[in-house]
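Coordinates as given in work_16.cif (mmCIF, N, CA and C atoms):
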data_protein
loop_
_atom_site.label_atom_id
_atom_site.label_comp_id
_atom_site.auth_asym_id
_atom_site.auth_seq_id
_atom_site.Cartn_x
_atom_site.Cartn_y
_atom_site.Cartn_z
N MET A 7 13.03 -5.64 8.49
CA MET A 7 12.55 -4.60 9.38
C MET A 7 12.25 -5.18 10.75
N SER A 8 13.22 -5.83 11.32
CA SER A 8 12.99 -6.37 12.65
C SER A 8 13.49 -5.38 13.70
N ASP A 9 12.88 -5.46 14.86
CA ASP A 9 13.26 -4.61 16.00
C ASP A 9 13.21 -3.11 15.66
N ARG A 10 12.19 -2.70 14.91
CA ARG A 10 12.03 -1.28 14.60
C ARG A 10 10.76 -0.77 15.25
N LYS A 11 10.79 0.46 15.66
CA LYS A 11 9.63 1.08 16.29
C LYS A 11 9.24 2.32 15.48
N ARG A 12 7.98 2.71 15.63
CA ARG A 12 7.51 3.90 14.93
C ARG A 12 6.77 4.79 15.91
N ILE A 13 6.73 6.06 15.55
CA ILE A 13 6.00 7.06 16.32
C ILE A 13 5.35 8.01 15.33
N ILE A 14 4.19 8.50 15.65
CA ILE A 14 3.49 9.43 14.79
C ILE A 14 3.36 10.75 15.54
N GLU A 15 3.68 11.84 14.84
CA GLU A 15 3.56 13.17 15.45
C GLU A 15 2.68 14.04 14.56
N ILE A 16 1.65 14.61 15.17
CA ILE A 16 0.74 15.53 14.48
C ILE A 16 0.54 16.75 15.37
N SER A 17 0.87 17.91 14.84
CA SER A 17 0.71 19.17 15.59
C SER A 17 1.31 19.09 16.99
N ASN A 18 2.54 18.67 17.09
CA ASN A 18 3.28 18.57 18.35
C ASN A 18 2.71 17.55 19.33
N THR A 19 1.78 16.71 18.90
CA THR A 19 1.27 15.62 19.73
C THR A 19 1.84 14.31 19.20
N LYS A 20 2.47 13.54 20.09
CA LYS A 20 3.14 12.31 19.68
C LYS A 20 2.40 11.09 20.20
N SER A 21 2.35 10.08 19.37
CA SER A 21 1.79 8.80 19.79
C SER A 21 2.86 8.06 20.60
N PRO A 22 2.46 7.00 21.31
CA PRO A 22 3.48 6.17 21.97
C PRO A 22 4.25 5.37 20.90
N PHE A 23 5.46 4.93 21.24
CA PHE A 23 6.22 4.07 20.33
C PHE A 23 5.50 2.74 20.19
N GLU A 24 5.46 2.24 18.95
CA GLU A 24 4.87 0.92 18.69
C GLU A 24 5.82 0.14 17.81
N ASN A 25 5.76 -1.19 17.94
CA ASN A 25 6.57 -2.05 17.09
C ASN A 25 6.07 -2.00 15.66
N THR A 26 7.00 -1.98 14.72
CA THR A 26 6.64 -2.03 13.30
C THR A 26 6.61 -3.49 12.89
N LYS A 27 5.48 -3.94 12.38
CA LYS A 27 5.34 -5.35 12.01
C LYS A 27 5.83 -5.62 10.60
N CYS A 28 5.63 -4.67 9.68
CA CYS A 28 6.10 -4.85 8.31
C CYS A 28 6.09 -3.49 7.62
N GLY A 29 6.74 -3.44 6.46
CA GLY A 29 6.79 -2.20 5.71
C GLY A 29 8.10 -2.07 4.98
N ILE A 30 8.30 -0.93 4.34
CA ILE A 30 9.52 -0.66 3.60
C ILE A 30 10.06 0.67 4.07
N PRO A 31 11.35 0.74 4.39
CA PRO A 31 11.91 2.02 4.80
C PRO A 31 11.79 3.06 3.70
N GLN A 32 11.56 4.30 4.08
CA GLN A 32 11.47 5.41 3.13
C GLN A 32 12.73 5.44 2.26
N GLY A 33 12.55 5.57 0.96
CA GLY A 33 13.68 5.68 0.05
C GLY A 33 14.28 4.36 -0.35
N SER A 34 13.69 3.24 0.06
CA SER A 34 14.27 1.96 -0.30
C SER A 34 14.06 1.69 -1.79
N THR A 35 14.80 0.74 -2.30
CA THR A 35 14.65 0.38 -3.71
C THR A 35 13.68 -0.78 -3.88
N LEU A 36 13.04 -1.18 -2.81
CA LEU A 36 12.05 -2.24 -2.92
C LEU A 36 10.80 -1.69 -3.60
N GLY A 37 10.16 -2.52 -4.34
CA GLY A 37 8.95 -2.12 -5.04
C GLY A 37 8.82 -2.96 -6.28
N PRO A 38 7.67 -2.92 -6.94
CA PRO A 38 7.50 -3.70 -8.16
C PRO A 38 8.63 -3.35 -9.14
N LYS A 39 9.33 -4.35 -9.62
CA LYS A 39 10.53 -4.10 -10.40
C LYS A 39 10.30 -4.18 -11.90
N HIS A 40 9.39 -5.02 -12.33
CA HIS A 40 9.36 -5.31 -13.76
C HIS A 40 7.95 -5.64 -14.23
N SER A 41 7.63 -5.16 -15.39
CA SER A 41 6.40 -5.53 -16.08
C SER A 41 6.69 -5.49 -17.56
N ASN A 42 6.25 -6.49 -18.28
CA ASN A 42 6.42 -6.50 -19.73
C ASN A 42 5.47 -5.53 -20.40
N THR A 43 4.43 -5.11 -19.70
CA THR A 43 3.37 -4.29 -20.28
C THR A 43 3.42 -2.84 -19.81
N LEU A 44 3.62 -2.63 -18.52
CA LEU A 44 3.55 -1.30 -17.94
C LEU A 44 4.93 -0.66 -17.81
N SER A 45 4.94 0.67 -17.85
CA SER A 45 6.13 1.42 -17.44
C SER A 45 5.94 1.72 -15.96
N ILE A 46 6.94 1.40 -15.15
CA ILE A 46 6.83 1.58 -13.70
C ILE A 46 7.86 2.60 -13.24
N LEU A 47 7.39 3.60 -12.50
CA LEU A 47 8.25 4.63 -11.93
C LEU A 47 8.05 4.62 -10.42
N ARG A 48 9.14 4.52 -9.66
CA ARG A 48 9.06 4.49 -8.21
C ARG A 48 9.77 5.70 -7.64
N PHE A 49 9.18 6.30 -6.62
CA PHE A 49 9.81 7.39 -5.88
C PHE A 49 9.42 7.25 -4.43
N ALA A 50 10.41 7.03 -3.57
CA ALA A 50 10.18 6.82 -2.14
C ALA A 50 9.16 5.70 -1.97
N ASP A 51 8.00 6.00 -1.39
CA ASP A 51 7.00 4.95 -1.19
C ASP A 51 5.84 5.05 -2.19
N ASP A 52 6.04 5.77 -3.28
CA ASP A 52 5.01 5.90 -4.32
C ASP A 52 5.40 5.11 -5.56
N THR A 53 4.42 4.55 -6.21
CA THR A 53 4.63 3.83 -7.46
C THR A 53 3.67 4.39 -8.50
N THR A 54 4.19 4.73 -9.67
CA THR A 54 3.37 5.21 -10.77
C THR A 54 3.54 4.25 -11.93
N VAL A 55 2.42 3.87 -12.54
CA VAL A 55 2.49 3.01 -13.71
C VAL A 55 1.83 3.72 -14.88
N SER A 56 2.33 3.43 -16.08
CA SER A 56 1.69 4.00 -17.27
C SER A 56 1.61 2.93 -18.34
N TYR A 57 0.62 3.10 -19.19
CA TYR A 57 0.37 2.17 -20.27
C TYR A 57 -0.21 2.97 -21.44
N SER A 58 0.23 2.67 -22.64
CA SER A 58 -0.24 3.37 -23.82
C SER A 58 -0.93 2.40 -24.76
N SER A 59 -2.08 2.82 -25.26
CA SER A 59 -2.82 2.00 -26.21
C SER A 59 -3.64 2.90 -27.11
N GLN A 60 -3.74 2.54 -28.35
CA GLN A 60 -4.61 3.26 -29.29
C GLN A 60 -6.06 2.79 -29.18
N ASN A 61 -6.27 1.73 -28.42
CA ASN A 61 -7.56 1.09 -28.34
C ASN A 61 -8.08 1.18 -26.90
N ILE A 62 -9.15 1.95 -26.68
CA ILE A 62 -9.66 2.18 -25.33
C ILE A 62 -10.13 0.88 -24.66
N PRO A 63 -10.89 0.02 -25.33
CA PRO A 63 -11.25 -1.25 -24.67
C PRO A 63 -10.02 -2.08 -24.28
N ASP A 64 -9.00 -2.06 -25.14
CA ASP A 64 -7.76 -2.77 -24.83
C ASP A 64 -7.11 -2.18 -23.58
N PHE A 65 -7.11 -0.85 -23.49
CA PHE A 65 -6.55 -0.19 -22.31
C PHE A 65 -7.18 -0.72 -21.03
N TYR A 66 -8.50 -0.73 -20.97
CA TYR A 66 -9.19 -1.19 -19.76
C TYR A 66 -8.90 -2.65 -19.47
N ASN A 67 -8.92 -3.50 -20.49
CA ASN A 67 -8.66 -4.92 -20.28
C ASN A 67 -7.25 -5.15 -19.74
N VAL A 68 -6.27 -4.52 -20.34
CA VAL A 68 -4.88 -4.68 -19.91
C VAL A 68 -4.70 -4.13 -18.50
N MET A 69 -5.22 -2.95 -18.23
CA MET A 69 -5.02 -2.34 -16.93
C MET A 69 -5.68 -3.14 -15.80
N LEU A 70 -6.84 -3.72 -16.05
CA LEU A 70 -7.48 -4.55 -15.03
C LEU A 70 -6.58 -5.73 -14.65
N VAL A 71 -6.00 -6.37 -15.65
CA VAL A 71 -5.10 -7.51 -15.41
C VAL A 71 -3.84 -7.04 -14.68
N GLU A 72 -3.24 -5.96 -15.16
CA GLU A 72 -1.99 -5.48 -14.58
C GLU A 72 -2.17 -4.93 -13.17
N LEU A 73 -3.27 -4.24 -12.90
CA LEU A 73 -3.53 -3.75 -11.54
C LEU A 73 -3.71 -4.92 -10.58
N ASP A 74 -4.34 -5.98 -11.04
CA ASP A 74 -4.49 -7.17 -10.20
C ASP A 74 -3.12 -7.78 -9.91
N ARG A 75 -2.25 -7.85 -10.92
CA ARG A 75 -0.90 -8.38 -10.71
C ARG A 75 -0.12 -7.52 -9.71
N LEU A 76 -0.21 -6.19 -9.88
CA LEU A 76 0.47 -5.30 -8.93
C LEU A 76 -0.05 -5.50 -7.52
N ASN A 77 -1.35 -5.59 -7.38
CA ASN A 77 -1.96 -5.78 -6.07
C ASN A 77 -1.50 -7.10 -5.45
N GLN A 78 -1.41 -8.15 -6.25
CA GLN A 78 -0.92 -9.44 -5.75
C GLN A 78 0.53 -9.31 -5.29
N TRP A 79 1.35 -8.56 -6.05
CA TRP A 79 2.75 -8.37 -5.67
C TRP A 79 2.84 -7.64 -4.33
N PHE A 80 2.05 -6.57 -4.18
CA PHE A 80 2.04 -5.82 -2.93
C PHE A 80 1.65 -6.72 -1.76
N ARG A 81 0.57 -7.48 -1.91
CA ARG A 81 0.11 -8.36 -0.83
C ARG A 81 1.15 -9.43 -0.50
N ALA A 82 1.77 -10.02 -1.52
CA ALA A 82 2.78 -11.06 -1.30
C ALA A 82 3.98 -10.50 -0.52
N ASN A 83 4.21 -9.20 -0.63
CA ASN A 83 5.33 -8.56 0.05
C ASN A 83 4.89 -7.78 1.29
N LYS A 84 3.69 -8.15 1.79
CA LYS A 84 3.13 -7.55 3.02
C LYS A 84 3.01 -6.03 2.93
N LEU A 85 2.63 -5.56 1.76
CA LEU A 85 2.38 -4.14 1.54
C LEU A 85 0.93 -3.98 1.13
N CYS A 86 0.44 -2.77 1.14
CA CYS A 86 -0.93 -2.56 0.69
C CYS A 86 -0.94 -1.46 -0.37
N LEU A 87 -1.76 -1.65 -1.35
CA LEU A 87 -1.98 -0.66 -2.38
C LEU A 87 -3.16 0.17 -1.91
N ASN A 88 -2.93 1.42 -1.60
CA ASN A 88 -3.98 2.28 -1.04
C ASN A 88 -4.94 2.70 -2.15
N THR A 89 -6.08 2.04 -2.21
CA THR A 89 -7.05 2.32 -3.28
C THR A 89 -7.68 3.71 -3.13
N GLN A 90 -7.63 4.29 -1.92
CA GLN A 90 -8.16 5.64 -1.74
C GLN A 90 -7.26 6.68 -2.41
N LYS A 91 -5.96 6.39 -2.49
CA LYS A 91 -5.02 7.32 -3.11
C LYS A 91 -4.73 6.98 -4.57
N THR A 92 -5.17 5.83 -5.02
CA THR A 92 -4.90 5.39 -6.39
C THR A 92 -5.85 6.09 -7.35
N LYS A 93 -5.31 6.71 -8.37
CA LYS A 93 -6.10 7.44 -9.37
C LYS A 93 -5.62 7.06 -10.76
N TYR A 94 -6.45 7.30 -11.76
CA TYR A 94 -5.99 7.12 -13.13
C TYR A 94 -6.53 8.23 -14.02
N ILE A 95 -5.82 8.44 -15.11
CA ILE A 95 -6.22 9.45 -16.07
C ILE A 95 -5.92 8.91 -17.47
N ILE A 96 -6.78 9.24 -18.40
CA ILE A 96 -6.58 8.86 -19.80
C ILE A 96 -6.31 10.14 -20.58
N PHE A 97 -5.20 10.14 -21.30
CA PHE A 97 -4.87 11.25 -22.19
C PHE A 97 -5.23 10.82 -23.60
N ARG A 98 -5.99 11.66 -24.31
CA ARG A 98 -6.40 11.33 -25.68
C ARG A 98 -6.73 12.61 -26.42
N PRO A 99 -6.68 12.56 -27.75
CA PRO A 99 -7.10 13.74 -28.52
C PRO A 99 -8.58 14.02 -28.28
N GLN A 100 -8.95 15.28 -28.31
CA GLN A 100 -10.36 15.63 -28.08
C GLN A 100 -11.29 15.02 -29.11
N ILE A 101 -10.79 14.78 -30.31
CA ILE A 101 -11.67 14.26 -31.37
C ILE A 101 -12.07 12.81 -31.15
N VAL A 102 -11.37 12.10 -30.27
CA VAL A 102 -11.69 10.70 -30.02
C VAL A 102 -12.89 10.61 -29.09
N LYS A 103 -13.91 9.92 -29.53
CA LYS A 103 -15.10 9.71 -28.72
C LYS A 103 -14.96 8.35 -28.05
N THR A 104 -14.90 8.32 -26.73
CA THR A 104 -14.68 7.06 -26.02
C THR A 104 -15.79 6.74 -25.02
N MET A 105 -16.78 7.56 -24.93
CA MET A 105 -17.80 7.37 -23.90
C MET A 105 -18.43 5.98 -23.95
N ASP A 106 -18.59 5.42 -25.16
CA ASP A 106 -19.20 4.09 -25.27
C ASP A 106 -18.31 3.01 -24.69
N TYR A 107 -17.02 3.28 -24.58
CA TYR A 107 -16.08 2.26 -24.15
C TYR A 107 -15.64 2.41 -22.71
N GLU A 108 -15.81 3.58 -22.13
CA GLU A 108 -15.25 3.81 -20.81
C GLU A 108 -15.90 2.91 -19.77
N ARG A 109 -15.04 2.29 -19.00
CA ARG A 109 -15.46 1.39 -17.93
C ARG A 109 -14.72 1.79 -16.67
N SER A 110 -14.99 1.08 -15.62
CA SER A 110 -14.31 1.36 -14.35
C SER A 110 -13.07 0.49 -14.22
N LEU A 111 -12.03 1.06 -13.62
CA LEU A 111 -10.89 0.27 -13.19
C LEU A 111 -11.09 -0.02 -11.71
N LYS A 112 -10.79 -1.25 -11.30
CA LYS A 112 -11.02 -1.66 -9.92
C LYS A 112 -9.81 -2.38 -9.37
N ILE A 113 -9.63 -2.24 -8.06
CA ILE A 113 -8.67 -3.03 -7.31
C ILE A 113 -9.45 -3.60 -6.14
N ASN A 114 -9.44 -4.92 -6.01
CA ASN A 114 -10.24 -5.58 -4.94
C ASN A 114 -11.70 -5.15 -4.98
N GLU A 115 -12.24 -5.07 -6.16
CA GLU A 115 -13.63 -4.67 -6.37
C GLU A 115 -13.92 -3.23 -5.95
N GLN A 116 -12.91 -2.45 -5.65
CA GLN A 116 -13.09 -1.04 -5.30
C GLN A 116 -12.74 -0.19 -6.53
N ILE A 117 -13.69 0.65 -6.94
CA ILE A 117 -13.51 1.48 -8.14
C ILE A 117 -12.47 2.56 -7.88
N ILE A 118 -11.58 2.73 -8.85
CA ILE A 118 -10.55 3.76 -8.78
C ILE A 118 -11.08 5.00 -9.49
N GLU A 119 -10.85 6.16 -8.87
CA GLU A 119 -11.27 7.42 -9.51
C GLU A 119 -10.44 7.66 -10.76
#
Structure rendered as C-alpha coordinates:
Amino acid sequence: MSDRKRIIEISNTKSPFENTKCGIPQGSTLGPKHSNTLSILRFADDTTVSYSSQNIPDFYNVMLVELDRLNQWFRANKLCLNTQKTKYIIFRPQIVKTMDYERSLKINEQIIE
(Lines of atoms letter the chains of each structure in order from A and count residues from 1; the text may use other names and numbers.)
(Lines give C-alpha, C1' and ligand atoms only; values in the text may rest on other atoms or scores of the structure.)
Protein backbone atom coordinates (compact mmCIF):
# COMPACT_ATOMS: atom_id res chain seq x y z
CA MET A 1 0.00 0.00 0.00
CA SER A 2 2.59 2.52 -1.02
CA ASP A 3 1.78 5.88 -2.57
CA ARG A 4 -1.92 5.66 -1.66
CA LYS A 5 -4.05 8.49 -0.35
CA ARG A 6 -7.34 8.50 1.49
CA ILE A 7 -10.20 10.92 1.90
CA ILE A 8 -13.17 10.80 4.23
CA GLU A 9 -16.58 12.14 3.25
CA ILE A 10 -19.43 12.65 5.72
CA SER A 11 -22.65 14.43 4.73
CA ASN A 12 -21.06 16.02 1.64
CA THR A 13 -18.12 17.35 3.70
CA LYS A 14 -14.73 16.02 2.60
CA SER A 15 -11.50 15.84 4.50
CA PRO A 16 -8.22 16.77 2.80
CA PHE A 17 -6.29 13.94 1.11
CA GLU A 18 -3.85 12.22 3.46
CA ASN A 19 -1.20 9.59 2.89
CA THR A 20 -2.17 6.07 3.91
CA LYS A 21 0.53 4.62 6.15
CA CYS A 22 -0.79 1.07 6.40
CA GLY A 23 -3.92 -1.03 5.99
CA ILE A 24 -5.60 -3.55 3.74
CA PRO A 25 -7.58 -2.67 0.64
CA GLN A 26 -11.31 -3.38 0.88
CA GLY A 27 -12.09 -6.88 -0.36
CA SER A 28 -8.54 -8.16 -0.10
CA THR A 29 -7.85 -11.75 0.84
CA LEU A 30 -5.44 -10.72 3.55
CA GLY A 31 -6.46 -11.64 7.05
CA PRO A 32 -5.91 -14.37 9.61
CA LYS A 33 -5.74 -17.50 7.50
CA HIS A 34 -5.57 -20.47 9.79
CA SER A 35 -6.29 -21.69 13.28
CA ASN A 36 -6.29 -25.27 14.49
CA THR A 37 -8.91 -24.33 17.09
CA LEU A 38 -11.17 -21.62 15.67
CA SER A 39 -13.34 -21.45 12.59
CA ILE A 40 -12.47 -18.19 10.82
CA LEU A 41 -14.77 -16.39 8.39
CA ARG A 42 -13.60 -13.26 6.59
CA PHE A 43 -15.71 -10.76 4.65
CA ALA A 44 -14.16 -7.54 3.34
CA ASP A 45 -12.51 -6.01 6.41
CA ASP A 46 -14.45 -8.05 8.99
CA THR A 47 -13.30 -11.25 10.66
CA THR A 48 -15.62 -13.62 12.52
CA VAL A 49 -14.35 -16.50 14.62
CA SER A 50 -16.31 -19.32 16.20
CA TYR A 51 -15.47 -22.04 18.65
CA SER A 52 -17.60 -24.87 20.02
CA SER A 53 -17.19 -26.51 23.40
CA GLN A 54 -19.39 -28.52 25.71
CA ASN A 55 -17.42 -27.12 28.63
CA ILE A 56 -17.96 -23.44 29.52
CA PRO A 57 -14.69 -23.01 31.49
CA ASP A 58 -12.85 -24.60 28.55
CA PHE A 59 -14.55 -22.15 26.19
CA TYR A 60 -13.26 -19.14 28.12
CA ASN A 61 -9.74 -20.55 28.50
CA VAL A 62 -9.42 -21.38 24.80
CA MET A 63 -10.94 -18.11 23.62
CA LEU A 64 -8.62 -16.01 25.80
CA VAL A 65 -5.60 -17.73 24.25
CA GLU A 66 -6.96 -17.57 20.70
CA LEU A 67 -8.03 -13.91 20.94
CA ASP A 68 -4.53 -13.06 22.12
CA ARG A 69 -3.07 -14.94 19.12
CA LEU A 70 -5.41 -13.12 16.74
CA ASN A 71 -4.51 -9.78 18.29
CA GLN A 72 -0.80 -10.57 17.92
CA TRP A 73 -1.36 -11.47 14.25
CA PHE A 74 -3.20 -8.19 13.63
CA ARG A 75 -0.46 -6.14 15.33
CA ALA A 76 2.33 -7.99 13.48
CA ASN A 77 0.58 -7.07 10.22
CA LYS A 78 0.10 -3.41 11.23
CA LEU A 79 -3.64 -3.84 11.71
CA CYS A 80 -5.77 -3.22 14.75
CA LEU A 81 -8.49 -5.33 16.25
CA ASN A 82 -11.22 -2.84 17.17
CA THR A 83 -12.19 -3.90 20.69
CA GLN A 84 -15.12 -1.44 20.65
CA LYS A 85 -16.70 -3.39 17.77
CA THR A 86 -15.66 -6.85 18.98
CA LYS A 87 -18.53 -8.78 20.57
CA TYR A 88 -19.16 -12.36 21.61
CA ILE A 89 -22.18 -14.53 22.23
CA ILE A 90 -22.60 -17.98 23.76
CA PHE A 91 -25.30 -20.25 22.38
CA ARG A 92 -26.44 -22.96 24.80
CA PRO A 93 -29.56 -24.86 25.81
CA GLN A 94 -31.65 -23.01 28.38
CA ILE A 95 -31.33 -25.90 30.82
CA VAL A 96 -27.57 -25.38 31.14
CA LYS A 97 -26.69 -23.26 34.15
CA THR A 98 -23.42 -21.45 33.49
CA MET A 99 -23.55 -18.42 35.75
CA ASP A 100 -20.92 -19.89 38.09
CA TYR A 101 -18.50 -20.25 35.19
CA GLU A 102 -19.04 -17.11 33.15
CA ARG A 103 -16.02 -14.88 32.99
CA SER A 104 -14.94 -11.96 30.87
CA LEU A 105 -13.19 -12.22 27.54
CA LYS A 106 -10.53 -9.55 27.10
CA ILE A 107 -8.27 -8.19 24.41
CA ASN A 108 -5.40 -6.01 25.68
CA GLU A 109 -7.05 -6.03 29.11
CA GLN A 110 -10.19 -4.49 27.59
CA ILE A 111 -13.38 -6.45 28.32
CA ILE A 112 -15.38 -7.54 25.29
CA GLU A 113 -19.16 -7.24 25.46
| field | d(atom N of Arg81 of chain A, atom CA of Ile62 of chain A) in Å | value |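 Atom CA of Ile62 of chain A lies at a distance of 27.3 Å from atom N of Arg81 of chain A.
Here atom N of Thr54 of chain A and atom N of Lys11 of chain A stand 26.5 Å from one another.
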| said: Calculated over only C-alpha atoms, which of the candidates A:Ile96, A:Ile113, A:Leu47, A:Leu87 has the smallest distance to Leu73 of chain A? | reply: A:Ile113
| said: Translate the PyMOL selection byres (((chain A and resi 24 and name CA) around 8) and name CA) into a concrete residue list for this structure, as JSON, numbers by chain. | reply: {"A": [11, 12, 13, 22, 23, 25, 26]}
| remark: Between atom CA of Glu15 of chain A and atom CA of Gln90 of chain A lies a distance of 22.1 Å
| Counting only C-alpha atoms, the residue of A:Cys28, A:Lys20, A:Asp52, A:Leu111 that sits nearest Val68 of chain A |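 Between A:Cys28, A:Lys20, A:Asp52, A:Leu111, the residue approaching Val68 of chain A most closely is A:Leu111.
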Might you spell out which residues the PyMOL selection byres ((chain A and resi 118) around 7) would select in the displayed file, as an mmCIF file with N, CA and C atoms, keeping the file's coordinate frame?
data_model
loop_
_atom_site.group_PDB
_atom_site.id
_atom_site.type_symbol
_atom_site.label_atom_id
_atom_site.label_comp_id
_atom_site.auth_asym_id
_atom_site.auth_seq_id
_atom_site.Cartn_x
_atom_site.Cartn_y
_atom_site.Cartn_z
ATOM 1 N N THR A 89 -6.080 2.040 -2.210
ATOM 2 C CA THR A 89 -7.050 2.320 -3.280
ATOM 3 C C THR A 89 -7.680 3.710 -3.130
ATOM 4 N N THR A 92 -5.170 5.830 -5.020
ATOM 5 C CA THR A 92 -4.900 5.390 -6.390
ATOM 6 C C THR A 92 -5.850 6.090 -7.350
ATOM 7 N N LYS A 93 -5.310 6.710 -8.370
ATOM 8 C CA LYS A 93 -6.100 7.440 -9.370
ATOM 9 C C LYS A 93 -5.620 7.060 -10.760
ATOM 10 N N TYR A 94 -6.450 7.300 -11.760
ATOM 11 C CA TYR A 94 -5.990 7.120 -13.130
ATOM 12 C C TYR A 94 -6.530 8.230 -14.020
ATOM 13 N N SER A 110 -14.990 1.080 -15.620
ATOM 14 C CA SER A 110 -14.310 1.360 -14.350
ATOM 15 C C SER A 110 -13.070 0.490 -14.220
ATOM 16 N N LEU A 111 -12.030 1.060 -13.620
ATOM 17 C CA LEU A 111 -10.890 0.270 -13.190
ATOM 18 C C LEU A 111 -11.090 -0.020 -11.710
ATOM 19 N N LYS A 112 -10.790 -1.250 -11.300
ATOM 20 C CA LYS A 112 -11.020 -1.660 -9.920
ATOM 21 C C LYS A 112 -9.810 -2.380 -9.370
ATOM 22 N N ILE A 113 -9.630 -2.240 -8.060
ATOM 23 C CA ILE A 113 -8.670 -3.030 -7.310
ATOM 24 C C ILE A 113 -9.450 -3.600 -6.140
ATOM 25 N N GLN A 116 -12.910 -2.450 -5.650
ATOM 26 C CA GLN A 116 -13.090 -1.040 -5.300
ATOM 27 C C GLN A 116 -12.740 -0.190 -6.530
ATOM 28 N N ILE A 117 -13.690 0.650 -6.940
ATOM 29 C CA ILE A 117 -13.510 1.480 -8.140
ATOM 30 C C ILE A 117 -12.470 2.560 -7.880
ATOM 31 N N GLU A 119 -10.850 6.160 -8.870
ATOM 32 C CA GLU A 119 -11.270 7.420 -9.510
ATOM 33 C C GLU A 119 -10.440 7.660 -10.760
#
| query | Looking at only N, CA and C atoms, which of A:Glu72, A:Asp9, A:Glu115, A:Asp64 is the one that sits closest to Leu44 of chain A? | reply |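 Counting only N, CA and C atoms, the residue closest to Leu44 of chain A is A:Glu72.
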| query | Quick one: which residues end up in the PyMOL selection byres ((chain A and resi 57) around 7) for this structure, as JSON, numbers by chain? | reply | {"A": [43, 44, 45, 55, 56, 58, 59]}
